[in-house]
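Novice: I'm passing along input_8.cif; it holds mmCIF, C-alpha atoms.
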data_my_file
loop_
_atom_site.label_atom_id
_atom_site.label_comp_id
_atom_site.auth_asym_id
_atom_site.auth_seq_id
_atom_site.Cartn_x
_atom_site.Cartn_y
_atom_site.Cartn_z
CA MET A 273 -4.50 -3.95 -20.32
CA SER A 274 -7.91 -4.94 -19.00
CA GLY A 275 -9.82 -4.78 -15.74
CA LYS A 276 -11.82 -7.97 -16.24
CA ILE A 277 -9.65 -10.71 -17.68
CA ASP A 278 -10.64 -14.16 -18.90
CA LYS A 279 -7.84 -16.36 -17.61
CA SER A 280 -8.24 -18.77 -20.51
CA ILE A 281 -6.85 -16.29 -23.01
CA HIS A 282 -3.46 -15.94 -21.23
CA ARG A 283 -0.49 -18.24 -21.02
CA GLY A 284 0.51 -17.17 -17.54
CA PRO A 285 -1.51 -17.01 -14.34
CA VAL A 286 -3.78 -14.09 -13.53
CA ARG A 287 -4.76 -13.28 -9.96
CA ILE A 288 -7.54 -10.86 -9.07
CA LYS A 289 -8.48 -9.79 -5.56
CA ARG A 290 -11.08 -7.35 -4.32
CA ILE A 291 -10.34 -5.53 -1.10
CA SER A 292 -12.08 -2.94 1.05
CA PHE A 293 -10.37 0.38 1.64
CA LEU A 294 -11.92 3.40 3.34
CA LYS A 295 -15.47 2.19 2.59
CA ASN A 296 -14.62 1.53 -1.07
CA GLU A 297 -13.99 -1.66 -3.00
CA LEU A 298 -10.92 -1.77 -5.22
CA GLU A 299 -9.44 -4.47 -7.42
CA VAL A 300 -5.87 -5.75 -7.25
CA LEU A 301 -4.66 -7.66 -10.29
CA SER A 302 -1.39 -9.38 -11.15
CA ALA A 303 -0.69 -11.09 -14.45
CA ARG A 304 2.35 -12.81 -15.91
CA ASP A 305 3.52 -13.38 -19.49
CA ILE A 306 0.56 -11.71 -21.17
CA SER A 307 0.55 -12.12 -24.95
CA HIS A 308 -3.05 -11.23 -25.69
CA ASN A 309 -4.08 -8.37 -27.98
CA PHE A 310 -6.77 -6.42 -26.14
CA SER A 311 -9.39 -4.75 -28.29
CA LYS A 312 -10.40 -1.14 -27.73
CA HIS A 313 -12.16 -0.76 -24.41
CA MET A 314 -12.56 1.58 -21.45
CA HIS A 315 -12.79 1.30 -17.67
CA GLU A 316 -15.20 2.78 -15.18
CA ASP A 317 -12.32 2.95 -12.69
CA TYR A 318 -8.91 4.58 -12.59
CA ALA A 319 -6.27 2.00 -13.48
CA VAL A 320 -2.65 2.36 -12.38
CA GLY A 321 0.12 -0.19 -12.18
CA ILE A 322 3.68 -1.17 -12.93
CA ILE A 323 5.25 -3.30 -15.63
CA GLU A 324 7.39 -6.00 -13.97
CA SER A 325 8.88 -7.49 -17.12
CA GLY A 326 8.62 -7.17 -20.89
CA ALA A 327 6.74 -4.27 -22.45
CA MET A 328 3.17 -3.40 -23.33
CA GLY A 329 2.13 -1.20 -26.22
CA PHE A 330 -1.19 0.63 -26.25
CA ARG A 331 -3.05 3.36 -28.11
CA TYR A 332 -4.13 6.07 -25.69
CA ARG A 333 -5.37 9.62 -26.19
CA GLY A 334 -4.35 9.62 -29.87
CA ALA A 335 -0.79 8.39 -29.28
CA ASP A 336 0.99 5.04 -29.51
CA LEU A 337 2.67 4.39 -26.16
CA VAL A 338 4.98 1.73 -24.76
CA ALA A 339 5.22 0.90 -21.08
CA SER A 340 8.36 -1.16 -20.39
CA LYS A 341 9.82 -2.74 -17.26
CA GLY A 342 9.82 -0.40 -14.26
CA LEU A 343 7.46 2.16 -15.80
CA ILE A 344 3.98 3.02 -14.57
CA ASN A 345 1.03 2.79 -16.92
CA LEU A 346 -2.38 4.26 -16.23
CA VAL A 347 -5.73 5.12 -17.76
CA VAL A 348 -8.55 7.31 -16.51
CA PRO A 349 -12.23 6.35 -16.44
CA GLY A 350 -13.96 6.48 -19.82
CA GLU A 351 -10.77 6.81 -21.90
CA VAL A 352 -10.65 4.30 -24.76
CA HIS A 353 -7.44 2.29 -25.13
CA ASP A 354 -6.18 -1.09 -26.30
CA GLY A 355 -3.17 -3.22 -25.39
CA HIS A 356 -0.70 -5.54 -27.08
CA PRO A 357 2.69 -7.18 -26.44
CA VAL A 358 5.73 -5.45 -27.88
CA SER A 359 7.61 -8.75 -28.23
CA GLU A 360 6.77 -12.45 -28.33
CA LYS A 361 7.59 -12.76 -24.62
CA GLY A 362 4.67 -10.53 -23.71
CA TRP A 363 4.63 -8.61 -20.45
CA SER A 364 3.95 -9.06 -16.75
CA TYR A 365 2.30 -6.39 -14.66
CA ARG A 366 0.54 -5.45 -11.43
CA MET A 367 -2.47 -3.16 -11.48
CA PHE A 368 -4.85 -1.35 -9.16
CA TYR A 369 -8.40 -0.54 -10.30
CA LEU A 370 -9.68 2.31 -8.13
CA PRO A 371 -13.26 3.66 -8.06
CA PRO A 372 -13.56 7.33 -9.10
CA GLN A 373 -15.08 8.39 -5.77
CA LEU A 374 -11.95 7.22 -3.96
CA LEU A 375 -9.70 9.43 -6.10
CA HIS A 376 -12.14 12.34 -5.92
CA ARG A 377 -12.21 12.21 -2.13
CA ALA A 378 -8.43 11.90 -1.96
CA ALA A 379 -7.94 14.99 -4.15
CA LYS A 380 -10.26 17.09 -2.01
CA GLU A 381 -8.62 15.90 1.20
CA ILE A 382 -5.18 16.69 -0.19
CA SER A 383 -6.15 20.14 -1.42
CA PRO A 384 -9.63 21.49 -0.49
CA GLY A 385 -11.42 22.79 -3.54
CA ALA A 386 -9.36 20.69 -5.94
CA ALA A 387 -11.05 19.45 -9.10
CA LYS A 388 -11.55 15.77 -9.86
CA PRO A 389 -8.06 14.39 -10.55
CA HIS A 390 -7.21 13.78 -14.18
CA PHE A 391 -4.00 12.34 -15.56
CA ARG A 392 -3.15 13.15 -19.16
CA ALA A 393 -0.09 10.90 -19.42
CA GLY A 394 -0.56 7.18 -20.01
CA VAL A 395 2.99 6.28 -18.96
CA LEU A 396 4.93 7.67 -16.01
CA ASP A 397 8.64 7.39 -15.27
CA ASP A 398 8.66 7.86 -11.51
CA SER A 399 10.86 5.38 -9.66
CA GLU A 400 9.66 6.40 -6.18
CA LEU A 401 5.99 5.98 -7.06
CA ALA A 402 6.81 2.72 -8.87
CA ARG A 403 8.41 1.34 -5.70
CA GLN A 404 5.33 2.35 -3.72
CA ILE A 405 3.00 0.61 -6.15
CA LEU A 406 5.10 -2.55 -6.09
CA ARG A 407 5.35 -2.66 -2.30
CA VAL A 408 1.65 -2.09 -1.66
CA HIS A 409 0.65 -4.56 -4.36
CA HIS A 410 2.94 -7.26 -2.95
CA ASN A 411 1.58 -6.67 0.56
CA LEU A 412 -2.03 -7.02 -0.57
CA ASP A 413 -1.29 -9.95 -2.86
CA GLN A 414 0.55 -11.94 -0.17
CA ASN A 415 -1.87 -10.96 2.62
CA LYS A 416 0.91 -10.87 5.21
CA SER A 417 0.75 -7.27 6.37
CA SER A 418 -1.43 -5.61 8.99
CA SER A 419 -4.52 -3.64 8.01
CA LEU A 420 -2.90 -0.47 9.33
CA GLU A 421 0.23 -0.99 7.21
CA ASN A 422 -1.78 -1.66 4.05
CA ASP A 423 -4.13 1.27 4.68
CA THR A 424 -1.24 3.64 5.38
CA LEU A 425 0.86 2.64 2.39
CA LEU A 426 -2.08 2.70 -0.02
CA LEU A 427 -3.18 6.11 1.19
CA LYS A 428 0.36 7.51 0.85
CA LEU A 429 0.47 6.06 -2.66
CA LEU A 430 -2.72 7.93 -3.61
CA ILE A 431 -1.44 11.16 -2.05
CA ASN A 432 1.87 11.00 -3.94
CA TRP A 433 0.28 9.99 -7.24
CA ILE A 434 -2.30 12.78 -7.19
CA SER A 435 -0.08 15.54 -5.78
CA ARG A 436 2.77 14.82 -8.21
CA HIS A 437 1.03 13.82 -11.43
CA ALA A 438 -2.53 15.17 -11.62
CA ASP A 439 -3.04 17.63 -14.48
CA HIS A 440 -4.44 20.30 -12.16
CA SER A 441 -2.49 21.42 -9.14
CA CYS A 442 -3.21 19.42 -6.00
CA ALA A 443 -0.55 20.83 -3.74
CA LEU A 444 -0.65 19.40 -0.24
CA SER A 445 -2.41 21.69 2.21
CA ALA A 446 -0.61 22.61 5.41
CA THR A 447 -1.12 20.53 8.53
CA GLY A 448 -1.98 22.01 11.91
CA SER A 449 -0.88 21.28 15.47
CA GLU A 450 -3.19 18.47 16.54
CA HIS A 451 -0.93 17.34 19.39
CA ASN A 452 -3.82 15.93 21.42
CA ALA A 453 -5.11 13.88 18.49
CA VAL A 454 -1.67 12.41 17.83
CA GLN A 455 -1.17 11.61 21.49
CA LEU A 456 -4.56 9.92 21.64
CA ALA A 457 -3.65 7.73 18.68
CA ARG A 458 -0.30 6.84 20.23
CA GLU A 459 -1.89 5.86 23.52
CA TYR A 460 -4.50 3.74 21.75
CA MET A 461 -1.83 1.85 19.80
CA GLU A 462 0.23 1.32 22.95
CA ASP A 463 -2.80 -0.10 24.75
CA CYS A 464 -4.25 -2.14 21.86
CA TYR A 465 -1.02 -3.20 20.14
CA ALA A 466 -2.18 -6.79 19.57
CA LYS A 467 -5.34 -5.78 17.67
CA ASP A 468 -5.60 -5.48 13.88
CA ILE A 469 -6.13 -1.72 14.01
CA THR A 470 -7.25 0.08 10.86
CA LEU A 471 -6.37 3.57 9.71
CA GLU A 472 -10.02 4.54 9.71
CA GLN A 473 -10.40 3.49 13.37
CA LEU A 474 -7.55 5.78 14.38
CA ALA A 475 -8.85 8.65 12.28
CA VAL A 476 -12.35 8.37 13.78
CA LEU A 477 -10.86 8.18 17.27
CA CYS A 478 -9.00 11.43 16.63
CA GLY A 479 -11.87 13.17 14.83
CA LEU A 480 -9.80 13.63 11.66
CA SER A 481 -10.04 12.36 8.11
CA PRO A 482 -7.71 9.44 7.32
CA TYR A 483 -5.86 11.58 4.77
CA TYR A 484 -5.21 14.39 7.22
CA PHE A 485 -4.53 12.09 10.17
CA ILE A 486 -1.73 10.19 8.45
CA ARG A 487 0.02 13.42 7.49
CA VAL A 488 -0.28 15.11 10.88
CA PHE A 489 0.79 11.93 12.70
CA GLU A 490 3.92 11.62 10.57
CA LYS A 491 4.66 15.33 11.00
CA HIS A 492 4.61 15.08 14.79
CA THR A 493 6.28 11.69 15.27
CA GLY A 494 8.53 11.38 12.20
CA ILE A 495 7.08 7.94 11.38
CA THR A 496 3.85 6.55 9.97
CA PRO A 497 1.10 5.10 12.20
CA HIS A 498 1.87 1.54 11.13
CA ALA A 499 5.58 2.05 11.91
CA TYR A 500 4.60 3.30 15.36
CA LEU A 501 2.36 0.27 15.93
CA THR A 502 5.16 -2.05 14.82
CA GLN A 503 7.54 -0.48 17.34
CA ALA A 504 4.95 -0.84 20.10
CA ARG A 505 4.54 -4.54 19.26
CA VAL A 506 8.27 -5.17 19.16
CA ASN A 507 8.75 -3.40 22.49
CA ARG A 508 6.03 -5.49 24.14
CA ALA A 509 7.58 -8.66 22.70
CA LYS A 510 10.94 -7.63 24.14
CA GLU A 511 9.38 -7.33 27.60
CA LYS A 512 7.87 -10.81 27.29
CA LEU A 513 11.21 -12.42 26.41
CA VAL A 514 12.09 -12.59 30.11
CA SER A 515 9.19 -15.03 30.53
CA PRO A 516 9.25 -18.77 29.67
CA LEU A 517 6.71 -18.29 26.87
CA ARG A 518 7.61 -19.80 23.49
CA LEU A 519 8.64 -17.30 20.82
CA ALA A 520 5.69 -18.39 18.69
CA ASP A 521 3.30 -17.61 21.54
CA ILE A 522 4.91 -14.23 22.16
CA ALA A 523 4.56 -13.42 18.47
CA ALA A 524 0.85 -14.30 18.54
CA GLU A 525 0.20 -12.35 21.75
CA CYS A 526 1.86 -9.23 20.32
CA GLY A 527 -0.01 -9.15 17.01
CA PHE A 528 2.58 -10.67 14.66
CA PHE A 529 1.60 -13.13 11.93
CA ASP A 530 4.09 -15.73 13.11
CA GLN A 531 7.47 -16.16 14.78
CA SER A 532 9.42 -15.31 11.64
CA HIS A 533 7.49 -12.04 11.34
CA LEU A 534 8.47 -11.16 14.92
CA THR A 535 12.08 -12.15 14.33
CA ARG A 536 12.42 -10.04 11.20
CA LEU A 537 11.00 -6.88 12.77
CA PHE A 538 12.73 -7.39 16.13
CA ARG A 539 16.09 -7.71 14.42
CA LYS A 540 15.36 -4.68 12.26
CA GLN A 541 14.70 -2.58 15.37
CA PHE A 542 17.34 -3.94 17.75
CA GLY A 543 19.95 -5.55 15.49
CA ILE A 544 19.60 -8.94 17.20
CA THR A 545 17.11 -11.81 16.98
CA PRO A 546 14.61 -12.41 19.82
CA GLY A 547 16.22 -15.79 20.53
CA ARG A 548 19.70 -14.32 20.93
CA TYR A 549 18.34 -11.47 23.04
CA ARG A 550 16.61 -13.98 25.32
CA ASN A 551 19.83 -15.98 25.69
CA PHE A 552 21.72 -12.84 26.53
CA ILE A 553 19.21 -11.90 29.24
CA GLN A 554 19.19 -15.40 30.75
CA ASN A 555 23.00 -15.65 30.75
CA ASN A 556 23.35 -12.35 32.55
CA LYS A 557 20.86 -12.87 35.38
#
Could you take the file, read its structure, and then write that structure out as structure tokens?

Specialist:
Amino acid sequence: MSGKIDKSIHRGPVRIKRISFLKNELEVLSARDISHNFSKHMHEDYAVGIIESGAMGFRYRGADLVASKGLINLVVPGEVHDGHPVSEKGWSYRMFYLPPQLLHRAAKEISPGAAKPHFRAGVLDDSELARQILRVHHNLDQNKSSSLENDTLLLKLLINWISRHADHSCALSATGSEHNAVQLAREYMEDCYAKDITLEQLAVLCGLSPYYFIRVFEKHTGITPHAYLTQARVNRAKEKLVSPLRLADIAAECGFFDQSHLTRLFRKQFGITPGRYRNFIQNNK
């Protein structure tokens, strides 16, 4: 396991991306069929990820650990560890490298007065968190999701990871009744549905922190901000289907990546494709 990897020492491809998130830079890494023996080293960042295939062995905090398919492996800043394949096939994995200040801020937002988050375990068996890691990583790797969706999912990942697995209690603080703030965010998304809205933009608009905003919005509406924005876009696309515009143009005007993106989400919401819905409307005029 390593944050900075020389591609020449691996059989399989390694992809590394740096992305901006809440005024921080984090690294997203995916690697396949790793058979390298990593020497003892440490990271300046928190590292957390999921093993997609095979198994990785590593020495961490005085213990010999094995992270196999479906398990989460992690290390905290400054903790020495190594890494090696458990079998000849090696292992494939997806990792996030997160700056300490991002985790520190998240912990304080989750539970005011909380200490810097520390995680004693080097391997976690948490299927829900594993699914979150995989989904967010895929989204960022493929670059086919909106900024709001990526921001929301990544923030929820941090909240769940810290609140459920930090050594010191980081119980979620109670949310209030910010009805006006939630309504303001809803109106903004309804009006600006075609824009690539970010979570931070909505939080600033409402005068709340991103961490608190996402929780209070979901409490009042029952869905996340990005799910609300998706519904607004699908609804506007539905209205435009009575026009002669091409489906591809409707998709672009409503903030979707392409026509297939519109079709997938439209069908998910209404149980029918946009094309079939348009035919139904035209045949019943």

Novice: Mind telling me what the PyMOL selection byres ((chain A and resi 421) around 10) catches here, as JSON, numbers by chain?

Specialist: {"A": [408, 411, 417, 418, 419, 420, 422, 423, 424, 425, 426, 427, 468, 469, 470, 471, 496, 497, 498, 499, 501, 502]}

Novice: Using only C-alpha atoms, find all polymer residues with an atom at most 9 Å away from the point (3.5, -7.8, -28.9); report them as a PyMOL selection string.

Specialist: chain A and resi 307-309+327-329+355-363

Novice: Care to translate the PyMOL selection byres ((chain A and resi 521-528) around 10) into actual residues of this file, as a PyMOL selection string?

Specialist: chain A and resi 416-418+464-468+501-502+504-513+515-520+529-535+537

Novice: Next, write the just-selected residues to a file, as a CSV table (one decimal), in the frame of the given file, keeping C-alpha atoms as the atom set.

Specialist:
chain,number,residue,atom,x,y,z
A,416,LYS,CA,0.9,-10.9,5.2
A,417,SER,CA,0.8,-7.3,6.4
A,418,SER,CA,-1.4,-5.6,9.0
A,464,CYS,CA,-4.2,-2.1,21.9
A,465,TYR,CA,-1.0,-3.2,20.1
A,466,ALA,CA,-2.2,-6.8,19.6
A,467,LYS,CA,-5.3,-5.8,17.7
A,468,ASP,CA,-5.6,-5.5,13.9
A,501,LEU,CA,2.4,0.3,15.9
A,502,THR,CA,5.2,-2.0,14.8
A,504,ALA,CA,5.0,-0.8,20.1
A,505,ARG,CA,4.5,-4.5,19.3
A,506,VAL,CA,8.3,-5.2,19.2
A,507,ASN,CA,8.8,-3.4,22.5
A,508,ARG,CA,6.0,-5.5,24.1
A,509,ALA,CA,7.6,-8.7,22.7
A,510,LYS,CA,10.9,-7.6,24.1
A,511,GLU,CA,9.4,-7.3,27.6
A,512,LYS,CA,7.9,-10.8,27.3
A,513,LEU,CA,11.2,-12.4,26.4
A,515,SER,CA,9.2,-15.0,30.5
A,516,PRO,CA,9.2,-18.8,29.7
A,517,LEU,CA,6.7,-18.3,26.9
A,518,ARG,CA,7.6,-19.8,23.5
A,519,LEU,CA,8.6,-17.3,20.8
A,520,ALA,CA,5.7,-18.4,18.7
A,529,PHE,CA,1.6,-13.1,11.9
A,530,ASP,CA,4.1,-15.7,13.1
A,531,GLN,CA,7.5,-16.2,14.8
A,532,SER,CA,9.4,-15.3,11.6
A,533,HIS,CA,7.5,-12.0,11.3
A,534,LEU,CA,8.5,-11.2,14.9
A,535,THR,CA,12.1,-12.2,14.3
A,537,LEU,CA,11.0,-6.9,12.8

Novice: Quick check on the file I pasted: which residues fall under the PyMOL selection byres ((chain A and resi 341) around 9)? Write them as a list in words.

Specialist: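 Answer for the PyMOL selection byres ((chain A and resi 341) around 9): Ile322, Ile323, Glu324, Ser325, Gly326, Ala327, Ala339, Ser340, Gly342, Leu343, Ile344, Trp363, Ser364 and Tyr365 of chain A.
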
Novice: For the atom pair CA of Ile288 in chain A and CA of Leu301 in chain A, what is the interatomic distance in Å to one decimal place?

Specialist: 4.5 Å
